[in-house]
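Student: Pasting my_file.cif below, which is mmCIF, C-alpha atoms and all ligand atoms.
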data_target
loop_
_atom_site.group_PDB
_atom_site.id
_atom_site.type_symbol
_atom_site.label_atom_id
_atom_site.label_comp_id
_atom_site.auth_asym_id
_atom_site.auth_seq_id
_atom_site.Cartn_x
_atom_site.Cartn_y
_atom_site.Cartn_z
ATOM 1 C CA MET A 1 24.526 1.568 0.877
ATOM 2 C CA SER A 2 21.539 -0.064 2.565
ATOM 3 C CA ASP A 3 19.936 -3.295 1.387
ATOM 4 C CA ILE A 4 16.513 -2.440 0.003
ATOM 5 C CA SER A 5 13.573 -4.771 -0.543
ATOM 6 C CA VAL A 6 9.820 -4.685 -0.890
ATOM 7 C CA VAL A 7 7.785 -7.331 0.940
ATOM 8 C CA MET A 8 4.379 -7.924 -0.634
ATOM 9 C CA LEU A 9 2.447 -8.379 2.602
ATOM 10 C CA GLY A 10 -0.982 -8.343 0.984
ATOM 11 C CA THR A 11 -1.691 -8.758 -2.738
ATOM 12 C CA GLY A 12 -5.477 -9.014 -2.493
ATOM 13 C CA SER A 13 -8.449 -6.705 -2.839
ATOM 14 C CA PRO A 14 -11.534 -5.726 -0.797
ATOM 15 C CA ARG A 15 -12.901 -9.245 -1.337
ATOM 16 C CA PRO A 16 -12.270 -11.762 1.480
ATOM 17 C CA ASN A 17 -9.602 -14.196 0.334
ATOM 18 C CA LEU A 18 -7.762 -16.937 2.216
ATOM 19 C CA ASN A 19 -4.742 -16.753 -0.089
ATOM 20 C CA ARG A 20 -4.288 -13.043 -0.562
ATOM 21 C CA SER A 21 -4.448 -10.605 2.338
ATOM 22 C CA GLN A 22 -5.651 -7.037 1.772
ATOM 23 C CA PRO A 23 -3.213 -4.521 0.241
ATOM 24 C CA ALA A 24 -0.023 -3.682 2.154
ATOM 25 C CA GLN A 25 3.668 -3.482 1.312
ATOM 26 C CA ALA A 26 6.708 -3.223 3.528
ATOM 27 C CA LEU A 27 9.572 -1.158 2.162
ATOM 28 C CA VAL A 28 12.644 -2.416 3.989
ATOM 29 C CA VAL A 29 15.684 -0.125 3.910
ATOM 30 C CA GLY A 30 18.542 -1.497 5.984
ATOM 31 C CA ASP A 31 17.113 -2.065 9.446
ATOM 32 C CA GLN A 32 14.147 0.279 9.008
ATOM 33 C CA THR A 33 10.763 -0.745 7.611
ATOM 34 C CA ILE A 34 8.156 1.625 6.192
ATOM 35 C CA LEU A 35 4.655 0.252 5.898
ATOM 36 C CA ILE A 36 2.678 1.304 2.825
ATOM 37 C CA ASP A 37 -1.060 0.741 3.306
ATOM 38 C CA CYS A 38 -2.545 -1.436 5.996
ATOM 39 C CA GLY A 39 -5.370 -3.675 4.798
ATOM 40 C CA GLU A 40 -6.976 -6.272 7.022
ATOM 41 C CA GLY A 41 -4.466 -8.831 8.304
ATOM 42 C CA THR A 42 -1.401 -6.620 7.826
ATOM 43 C CA THR A 43 -0.091 -7.022 11.394
ATOM 44 C CA ALA A 44 -0.190 -10.815 11.140
ATOM 45 C CA GLN A 45 1.387 -10.649 7.673
ATOM 46 C CA LEU A 46 4.247 -8.570 9.077
ATOM 47 C CA MET A 47 4.834 -11.202 11.749
ATOM 48 C CA LYS A 48 4.781 -13.986 9.155
ATOM 49 C CA ALA A 49 7.387 -11.998 7.202
ATOM 50 C CA GLY A 50 9.580 -11.846 10.303
ATOM 51 C CA ILE A 51 9.065 -8.097 10.779
ATOM 52 C CA LYS A 52 8.069 -6.999 14.271
ATOM 53 C CA PRO A 53 4.983 -4.755 13.948
ATOM 54 C CA GLU A 54 6.225 -2.627 16.844
ATOM 55 C CA SER A 55 9.471 -1.935 14.990
ATOM 56 C CA ILE A 56 7.601 0.105 12.371
ATOM 57 C CA LYS A 57 7.578 3.829 13.069
ATOM 58 C CA TYR A 58 6.297 5.085 9.701
ATOM 59 C CA LEU A 59 3.095 4.188 7.876
ATOM 60 C CA ILE A 60 1.971 5.708 4.592
ATOM 61 C CA PHE A 61 -1.608 5.546 3.326
ATOM 62 C CA THR A 62 -2.002 5.863 -0.451
ATOM 63 C CA HIS A 63 -5.733 6.433 0.019
ATOM 64 C CA LEU A 64 -8.380 5.748 2.619
ATOM 65 C CA HIS A 65 -10.366 2.926 1.064
ATOM 66 C CA SER A 66 -11.305 0.170 3.510
ATOM 67 C CA ASP A 67 -9.109 -2.490 1.887
ATOM 68 C CA HIS A 68 -6.028 -0.276 2.429
ATOM 69 C CA THR A 69 -6.879 0.812 5.995
ATOM 70 C CA MET A 70 -8.893 -1.922 7.693
ATOM 71 C CA GLY A 71 -5.870 -3.345 9.516
ATOM 72 C CA TYR A 72 -4.911 -0.017 11.060
ATOM 73 C CA ALA A 73 -6.634 -0.478 14.437
ATOM 74 C CA GLN A 74 -4.709 -3.673 15.136
ATOM 75 C CA PHE A 75 -1.465 -2.245 13.783
ATOM 76 C CA LEU A 76 -1.907 0.821 16.020
ATOM 77 C CA LEU A 77 -3.103 -0.846 19.226
ATOM 78 C CA GLY A 78 -1.332 -4.167 18.798
ATOM 79 C CA GLY A 79 2.007 -2.528 17.969
ATOM 80 C CA TRP A 80 1.632 -0.215 20.953
ATOM 81 C CA GLY A 81 0.866 -3.238 23.131
ATOM 82 C CA GLN A 82 4.115 -4.786 21.919
ATOM 83 C CA GLY A 83 6.066 -1.717 22.943
ATOM 84 C CA ARG A 84 5.975 0.756 20.064
ATOM 85 C CA SER A 85 6.427 4.218 21.565
ATOM 86 C CA GLU A 86 6.476 6.428 18.468
ATOM 87 C CA LEU A 87 4.564 6.450 15.216
ATOM 88 C CA THR A 88 4.185 8.828 12.288
ATOM 89 C CA ILE A 89 1.532 8.298 9.648
ATOM 90 C CA ILE A 90 1.435 10.038 6.285
ATOM 91 C CA GLY A 91 -1.571 10.213 3.994
ATOM 92 C CA PRO A 92 -3.967 12.318 1.959
ATOM 93 C CA ARG A 93 -6.473 14.719 3.483
ATOM 94 C CA GLY A 94 -8.793 12.770 5.776
ATOM 95 C CA THR A 95 -5.997 10.725 7.353
ATOM 96 C CA LYS A 96 -6.183 12.748 10.581
ATOM 97 C CA ASP A 97 -9.942 12.213 10.904
ATOM 98 C CA PHE A 98 -9.516 8.536 10.130
ATOM 99 C CA HIS A 99 -6.821 8.116 12.790
ATOM 100 C CA GLU A 100 -8.849 10.040 15.367
ATOM 101 C CA SER A 101 -11.985 8.039 14.696
ATOM 102 C CA ILE A 102 -10.074 4.827 15.438
ATOM 103 C CA LEU A 103 -8.681 6.390 18.643
ATOM 104 C CA ASN A 104 -12.193 7.488 19.684
ATOM 105 C CA MET A 105 -13.648 4.104 18.927
ATOM 106 C CA TYR A 106 -11.160 2.451 21.286
ATOM 107 C CA SER A 107 -10.653 5.272 23.800
ATOM 108 C CA TYR A 108 -12.109 3.224 26.677
ATOM 109 C CA ASP A 109 -9.734 0.407 25.822
ATOM 110 C CA ILE A 110 -6.712 2.714 25.617
ATOM 111 C CA ASP A 111 -7.724 4.431 28.882
ATOM 112 C CA TYR A 112 -7.976 1.084 30.629
ATOM 113 C CA ARG A 113 -4.557 -0.072 29.415
ATOM 114 C CA CYS A 114 -3.025 3.240 30.460
ATOM 115 C CA SER A 115 -4.680 2.871 33.885
ATOM 116 C CA LEU A 116 -2.627 -0.304 34.346
ATOM 117 C CA GLY A 117 0.502 1.787 34.009
ATOM 118 C CA ARG A 118 1.251 1.665 30.312
ATOM 119 C CA SER A 119 2.519 4.913 28.793
ATOM 120 C CA GLY A 120 0.315 6.651 26.223
ATOM 121 C CA ALA A 121 3.395 7.318 24.083
ATOM 122 C CA GLY A 122 3.046 5.729 20.671
ATOM 123 C CA ILE A 123 -0.718 5.972 20.615
ATOM 124 C CA ARG A 124 -1.900 9.289 22.042
ATOM 125 C CA ASP A 125 0.908 11.257 20.412
ATOM 126 C CA VAL A 126 0.876 9.767 16.909
ATOM 127 C CA GLU A 127 2.081 12.351 14.418
ATOM 128 C CA VAL A 128 -0.172 12.608 11.375
ATOM 129 C CA ILE A 129 1.176 14.273 8.242
ATOM 130 C CA GLU A 130 -1.477 15.087 5.649
ATOM 131 C CA PHE A 131 -0.802 16.341 2.151
ATOM 132 C CA GLU A 132 -3.092 17.455 -0.642
ATOM 133 C CA GLU A 133 -0.967 18.262 -3.657
ATOM 134 C CA PRO A 134 1.158 15.825 -5.663
ATOM 135 C CA GLY A 135 4.885 16.368 -6.106
ATOM 136 C CA GLU A 136 7.817 16.087 -3.736
ATOM 137 C CA LEU A 137 6.594 15.406 -0.202
ATOM 138 C CA ILE A 138 7.498 18.584 1.640
ATOM 139 C CA GLU A 139 6.850 17.505 5.207
ATOM 140 C CA ASN A 140 9.000 14.391 4.927
ATOM 141 C CA PRO A 141 10.334 12.801 8.114
ATOM 142 C CA LEU A 142 12.345 10.166 6.216
ATOM 143 C CA PRO A 143 15.948 10.624 5.080
ATOM 144 C CA TYR A 144 15.262 10.088 1.369
ATOM 145 C CA LYS A 145 13.230 11.808 -1.316
ATOM 146 C CA ILE A 146 9.557 10.866 -1.608
ATOM 147 C CA THR A 147 7.487 12.016 -4.582
ATOM 148 C CA THR A 148 3.759 11.510 -5.084
ATOM 149 C CA ALA A 149 1.471 11.597 -8.103
ATOM 150 C CA ARG A 150 -2.301 11.839 -8.186
ATOM 151 C CA MET A 151 -3.963 8.694 -9.476
ATOM 152 C CA ILE A 152 -7.343 8.113 -11.102
ATOM 153 C CA HIS A 153 -9.563 6.335 -8.585
ATOM 154 C CA ASN A 154 -12.826 7.278 -6.856
ATOM 155 C CA VAL A 155 -11.305 8.970 -3.774
ATOM 156 C CA PRO A 156 -8.093 11.064 -3.562
ATOM 157 C CA THR A 157 -5.363 8.499 -4.250
ATOM 158 C CA PHE A 158 -1.620 8.933 -4.634
ATOM 159 C CA ALA A 159 1.200 6.832 -6.041
ATOM 160 C CA PHE A 160 4.535 7.071 -4.223
ATOM 161 C CA ARG A 161 8.108 7.074 -5.491
ATOM 162 C CA PHE A 162 11.008 6.514 -3.089
ATOM 163 C CA ASP A 163 14.486 7.490 -4.290
ATOM 164 C CA ILE A 164 16.982 5.760 -2.021
ATOM 165 C CA ASP A 165 20.730 5.414 -2.605
ATOM 166 C CA GLY A 166 20.349 5.689 -6.387
ATOM 167 C CA LYS A 167 17.481 3.187 -6.517
ATOM 168 C CA ALA A 168 13.838 4.026 -7.202
ATOM 169 C CA ILE A 169 10.844 2.119 -5.889
ATOM 170 C CA VAL A 170 7.345 3.108 -7.022
ATOM 171 C CA ILE A 171 4.001 1.984 -5.597
ATOM 172 C CA SER A 172 1.109 2.852 -7.934
ATOM 173 C CA SER A 173 -1.702 2.152 -5.487
ATOM 174 C CA ASP A 174 -5.192 1.893 -7.010
ATOM 175 C CA THR A 175 -5.686 3.580 -10.362
ATOM 176 C CA SER A 176 -6.843 3.297 -13.912
ATOM 177 C CA PRO A 177 -4.142 3.830 -16.557
ATOM 178 C CA ASN A 178 -2.786 7.389 -16.655
ATOM 179 C CA GLU A 179 0.251 9.382 -17.696
ATOM 180 C CA ALA A 180 1.123 10.537 -14.155
ATOM 181 C CA ILE A 181 2.114 7.018 -13.092
ATOM 182 C CA VAL A 182 4.207 6.602 -16.251
ATOM 183 C CA HIS A 183 5.987 9.846 -15.457
ATOM 184 C CA LEU A 184 6.452 9.038 -11.739
ATOM 185 C CA ALA A 185 7.794 5.550 -12.469
ATOM 186 C CA GLU A 186 10.234 6.682 -15.193
ATOM 187 C CA GLY A 187 13.313 4.432 -15.028
ATOM 188 C CA ALA A 188 12.355 2.924 -11.644
ATOM 189 C CA ASP A 189 14.017 -0.255 -10.408
ATOM 190 C CA ILE A 190 10.688 -1.615 -9.178
ATOM 191 C CA LEU A 191 7.130 -0.616 -9.983
ATOM 192 C CA VAL A 192 4.451 -2.242 -7.823
ATOM 193 C CA GLN A 193 1.470 -1.790 -10.098
ATOM 194 C CA ASN A 194 -2.261 -2.278 -9.629
ATOM 195 C CA ALA A 195 -3.346 -4.989 -12.083
ATOM 196 C CA GLY A 196 -6.504 -6.282 -10.484
ATOM 197 C CA LEU A 197 -8.721 -6.436 -13.552
ATOM 198 C CA THR A 198 -7.790 -9.920 -14.649
ATOM 199 C CA THR A 199 -9.591 -11.734 -17.443
ATOM 200 C CA GLY A 200 -11.468 -14.983 -16.895
ATOM 201 C CA LYS A 201 -14.563 -16.122 -15.061
ATOM 202 C CA LYS A 202 -16.384 -13.495 -13.029
ATOM 203 C CA SER A 203 -19.177 -13.761 -10.507
ATOM 204 C CA GLU A 204 -22.509 -12.152 -11.396
ATOM 205 C CA ALA A 205 -21.917 -9.431 -8.784
ATOM 206 C CA LEU A 206 -18.515 -8.629 -10.257
ATOM 207 C CA GLU A 207 -19.911 -8.598 -13.799
ATOM 208 C CA LYS A 208 -22.346 -5.864 -12.716
ATOM 209 C CA ILE A 209 -19.616 -3.464 -11.588
ATOM 210 C CA TRP A 210 -16.945 -4.455 -14.120
ATOM 211 C CA GLU A 211 -17.504 -1.411 -16.328
ATOM 212 C CA GLN A 212 -17.137 0.943 -13.350
ATOM 213 C CA LEU A 213 -14.014 -0.899 -12.118
ATOM 214 C CA GLN A 214 -12.320 -0.220 -15.439
ATOM 215 C CA LYS A 215 -12.422 3.482 -14.604
ATOM 216 C CA GLU A 216 -10.590 2.876 -11.298
ATOM 217 C CA HIS A 217 -8.156 -0.027 -11.744
ATOM 218 C CA CYS A 218 -5.778 -1.509 -14.326
ATOM 219 C CA SER A 219 -5.686 -4.831 -16.110
ATOM 220 C CA PRO A 220 -2.406 -6.782 -16.311
ATOM 221 C CA THR A 221 -2.142 -5.707 -19.959
ATOM 222 C CA GLN A 222 -2.454 -2.052 -18.959
ATOM 223 C CA ALA A 223 0.086 -2.601 -16.160
ATOM 224 C CA GLY A 224 2.475 -4.004 -18.787
ATOM 225 C CA VAL A 225 1.946 -0.958 -21.000
ATOM 226 C CA ILE A 226 2.679 1.391 -18.066
ATOM 227 C CA ALA A 227 5.860 -0.555 -17.224
ATOM 228 C CA LYS A 228 6.970 -0.395 -20.873
ATOM 229 C CA LYS A 229 6.251 3.327 -21.263
ATOM 230 C CA ALA A 230 7.997 4.119 -17.951
ATOM 231 C CA ASN A 231 10.944 1.909 -18.900
ATOM 232 C CA VAL A 232 11.123 0.341 -15.425
ATOM 233 C CA LYS A 233 13.372 -2.630 -14.637
ATOM 234 C CA LYS A 234 10.763 -4.822 -12.915
ATOM 235 C CA VAL A 235 7.003 -4.634 -12.565
ATOM 236 C CA VAL A 236 5.226 -6.376 -9.687
ATOM 237 C CA LEU A 237 1.490 -6.894 -10.262
ATOM 238 C CA THR A 238 -0.919 -6.700 -7.348
ATOM 239 C CA HIS A 239 -4.477 -6.108 -6.053
ATOM 240 C CA PHE A 240 -5.873 -9.444 -7.229
ATOM 241 C CA LEU A 241 -9.475 -10.594 -6.916
ATOM 242 C CA PRO A 242 -10.059 -14.115 -5.539
ATOM 243 C CA GLU A 243 -10.816 -15.475 -9.015
ATOM 244 C CA ALA A 244 -7.632 -14.056 -10.587
ATOM 245 C CA ASP A 245 -5.435 -16.466 -12.517
ATOM 246 C CA GLY A 246 -1.821 -15.419 -11.958
ATOM 247 C CA ARG A 247 -0.537 -17.315 -15.004
ATOM 248 C CA ILE A 248 -2.848 -15.402 -17.330
ATOM 249 C CA ALA A 249 -1.945 -12.110 -15.628
ATOM 250 C CA LEU A 250 1.747 -12.898 -16.177
ATOM 251 C CA GLN A 251 1.192 -13.700 -19.859
ATOM 252 C CA GLU A 252 -0.877 -10.577 -20.462
ATOM 253 C CA ALA A 253 1.602 -8.183 -18.838
ATOM 254 C CA SER A 254 4.576 -9.961 -20.465
ATOM 255 C CA ALA A 255 3.011 -9.494 -23.895
ATOM 256 C CA GLU A 256 3.478 -5.727 -23.400
ATOM 257 C CA PHE A 257 6.555 -5.457 -21.205
ATOM 258 C CA THR A 258 9.780 -7.300 -22.004
ATOM 259 C CA GLY A 259 11.422 -6.629 -18.614
ATOM 260 C CA GLU A 260 10.804 -8.811 -15.580
ATOM 261 C CA VAL A 261 7.139 -9.276 -14.609
ATOM 262 C CA ILE A 262 6.389 -10.682 -11.160
ATOM 263 C CA VAL A 263 3.003 -12.004 -10.065
ATOM 264 C CA PRO A 264 3.739 -12.328 -6.354
ATOM 265 C CA GLU A 265 2.285 -14.529 -3.700
ATOM 266 C CA ASP A 266 1.654 -12.885 -0.328
ATOM 267 C CA LEU A 267 4.883 -12.405 1.669
ATOM 268 C CA GLN A 268 7.074 -12.581 -1.450
ATOM 269 C CA VAL A 269 10.210 -10.482 -1.053
ATOM 270 C CA ILE A 270 11.328 -8.440 -4.051
ATOM 271 C CA ASN A 271 14.946 -7.371 -3.774
ATOM 272 C CA VAL A 272 15.936 -4.058 -5.256
ATOM 273 C CA GLY A 273 19.241 -4.574 -6.979
HETATM 274 ZN ZN ZN B 301 -9.009 1.829 -3.654
HETATM 275 ZN ZN ZN B 302 -7.781 -1.249 -3.156
#
If you convert what's in this file into structure tokens, what do you get?
Ligand SMILES: [Zn+2]
Ligand SMILES: [Zn+2]
Tutor:
Amino acid sequence: MSDISVVMLGTGSPRPNLNRSQPAQALVVGDQTILIDCGEGTTAQLMKAGIKPESIKYLIFTHLHSDHTMGYAQFLLGGWGQGRSELTIIGPRGTKDFHESILNMYSYDIDYRCSLGRSGAGIRDVEVIEFEEPGELIENPLPYKITTARMIHNVPTFAFRFDIDGKAIVISSDTSPNEAIVHLAEGADILVQNAGLTTGKKSEALEKIWEQLQKEHCSPTQAGVIAKKANVKKVVLTHFLPEADGRIALQEASAEFTGEVIVPEDLQVINVG
């Protein structure tokens, strides 16, 4: 049986934040790492976590919002520069266009580097697997079952469940509360759950969009309710705004869920056991 862990590479949001990088998680299974989302700073976060970016051959996008994709260009080009020679990315419809637009944007740069003798393998031959419908991932290049569920957000967004050696790891991605995440996370060992709508002081700009955000994200209390209903073992809260108070988030989720609640710092490793 492989050792399994989740590294919380980025626990932030679209808002610039010195303490919390944009959303990304590394799912480490034995000696293989799967990257889930790739917000700004992800490549550096991987290096800080002791994971070589070029060692990652699989990247999953839960959705194509900027805060979950902005680090892709550096992950793609930087990892290739470090010697990555194969890469598969998996994501909802639009992932292919997104990948190709990054390639086009830097085509002159890639051409130049290839002209110096570097192989185009790992950048010009990236395999992109798109899916549209939730359920078991049919075109699955990984050796374990992956199941998705459609979330409630403002672009097509999917939560992912990984069933590996009798353990289940679920990543909610961005969503407001819904029954599909409860169902997907049923009995999971770890649920990494969006809980970005923390209480407390808000900027004027944030106050203006707060009502809309409630239709697209969860509060820590709602994350606790999801964890309770799904009967998971541990819930890991994430997607925090710069003004979030982790202690309050912990209290709010713990008032609903009696299992373990984790409010992680960036780079925190959550062991699945
Ligand atoms: Zn989003
Ligand atoms: Zn987001």
Student: Restrict the calculation to all atoms listed in the file, then for each residue of chain A with any atom at most 10 Å from an atom of ligand ZN 302 (chain B) give the closest atom pair and their distance in Å to one decimal, rows by chain and rising residue number, as CSV.
Tutor:
residue,atom,partner,partner_atom,distance
A:Thr11,CA,B:ZN302,ZN,9.7
A:Gly12,CA,B:ZN302,ZN,8.1
A:Ser13,CA,B:ZN302,ZN,5.5
A:Pro14,CA,B:ZN302,ZN,6.3
A:Arg15,CA,B:ZN302,ZN,9.7
A:Gln22,CA,B:ZN302,ZN,7.9
A:Pro23,CA,B:ZN302,ZN,6.6
A:Ala24,CA,B:ZN302,ZN,9.7
A:Asp37,CA,B:ZN302,ZN,9.5
A:Gly39,CA,B:ZN302,ZN,8.7
A:Thr62,CA,B:ZN302,ZN,9.6
A:His63,CA,B:ZN302,ZN,8.6
A:Leu64,CA,B:ZN302,ZN,9.1
A:His65,CA,B:ZN302,ZN,6.5
A:Ser66,CA,B:ZN302,ZN,7.7
A:Asp67,CA,B:ZN302,ZN,5.4
A:His68,CA,B:ZN302,ZN,5.9
A:Thr69,CA,B:ZN302,ZN,9.4
A:His153,CA,B:ZN302,ZN,9.5
A:Ser173,CA,B:ZN302,ZN,7.3
A:Asp174,CA,B:ZN302,ZN,5.6
A:Thr175,CA,B:ZN302,ZN,8.9
A:Asn194,CA,B:ZN302,ZN,8.6
A:Gly196,CA,B:ZN302,ZN,9.0
A:Glu216,CA,B:ZN302,ZN,9.5
A:His217,CA,B:ZN302,ZN,8.7
A:Thr238,CA,B:ZN302,ZN,9.7
A:His239,CA,B:ZN302,ZN,6.6
A:Phe240,CA,B:ZN302,ZN,9.3
Student: Step by step, work through what the PyMOL selection byres (((chain A and resi 146) around 8) and not hetatm) selects in the shown file, and finish by giving those residues as a list in words.
Tutor: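 Applying the PyMOL selection byres (((chain A and resi 146) around 8) and not hetatm) to the structure shown produces Glu136, Leu137, Asn140, Tyr144, Lys145, Thr147, Thr148, Phe160, Arg161, Phe162 and Asp163 of chain A.
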Student: Any chance you can output those residues with C-alpha atoms as a PDB file, in the coordinates of the input?
Tutor:
ATOM      1  CA  GLU A 136       7.817  16.087  -3.736  1.00  0.00           C
ATOM      2  CA  LEU A 137       6.594  15.406  -0.202  1.00  0.00           C
ATOM      3  CA  ASN A 140       9.000  14.391   4.927  1.00  0.00           C
ATOM      4  CA  TYR A 144      15.262  10.088   1.369  1.00  0.00           C
ATOM      5  CA  LYS A 145      13.230  11.808  -1.316  1.00  0.00           C
ATOM      6  CA  THR A 147       7.487  12.016  -4.582  1.00  0.00           C
ATOM      7  CA  THR A 148       3.759  11.510  -5.084  1.00  0.00           C
ATOM      8  CA  PHE A 160       4.535   7.071  -4.223  1.00  0.00           C
ATOM      9  CA  ARG A 161       8.108   7.074  -5.491  1.00  0.00           C
ATOM     10  CA  PHE A 162      11.008   6.514  -3.089  1.00  0.00           C
ATOM     11  CA  ASP A 163      14.486   7.490  -4.290  1.00  0.00           C
TER      12      ASP A 163
END
Student: How far is it from CA of Glu132 in chain A to CA of Gln214 in chain A, in Å with one decimal?
Tutor: 24.8 Å
Student: Take the PyMOL selection byres (((chain A and resi 51) around 12) and not hetatm), apply it to the structure above, and return the hits as a count of residues only.
Tutor: 27
Student: Find the residue from A:Lys215, A:Lys234, A:Arg84, A:Arg247 that sits nearest to ligand ZN 301 (chain B); use only C-alpha atoms and all ligand atoms when measuring.
Tutor: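 That would be A:Lys215, the residue with the smallest distance to ligand ZN 301 (chain B).
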Student: What separation in Å, quoted to one decimal, exists between CA of Gly81 in chain A and CA of Arg113 in chain A?
Tutor: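 Interatomic distance here is 8.9 Å.
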Student: Point out the residue among A:Ile60, A:Leu213, A:Tyr106, A:Lys202 with the least atom-to-atom distance to ligand ZN 301 (chain B), counting only C-alpha atoms and all ligand atoms.
Tutor: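 Among the listed residues, the smallest separation from ligand ZN 301 (chain B) belongs to A:Leu213.
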Student: Point out the residue among A:Pro16, A:Gly187, A:Pro156, A:Pro143 with the least atom-to-atom distance to ligand ZN 301 (chain B), counting all atoms listed in the file.
Tutor: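 Nearest candidate to ligand ZN 301 (chain B) out of A:Pro16, A:Gly187, A:Pro156, A:Pro143: A:Pro156.
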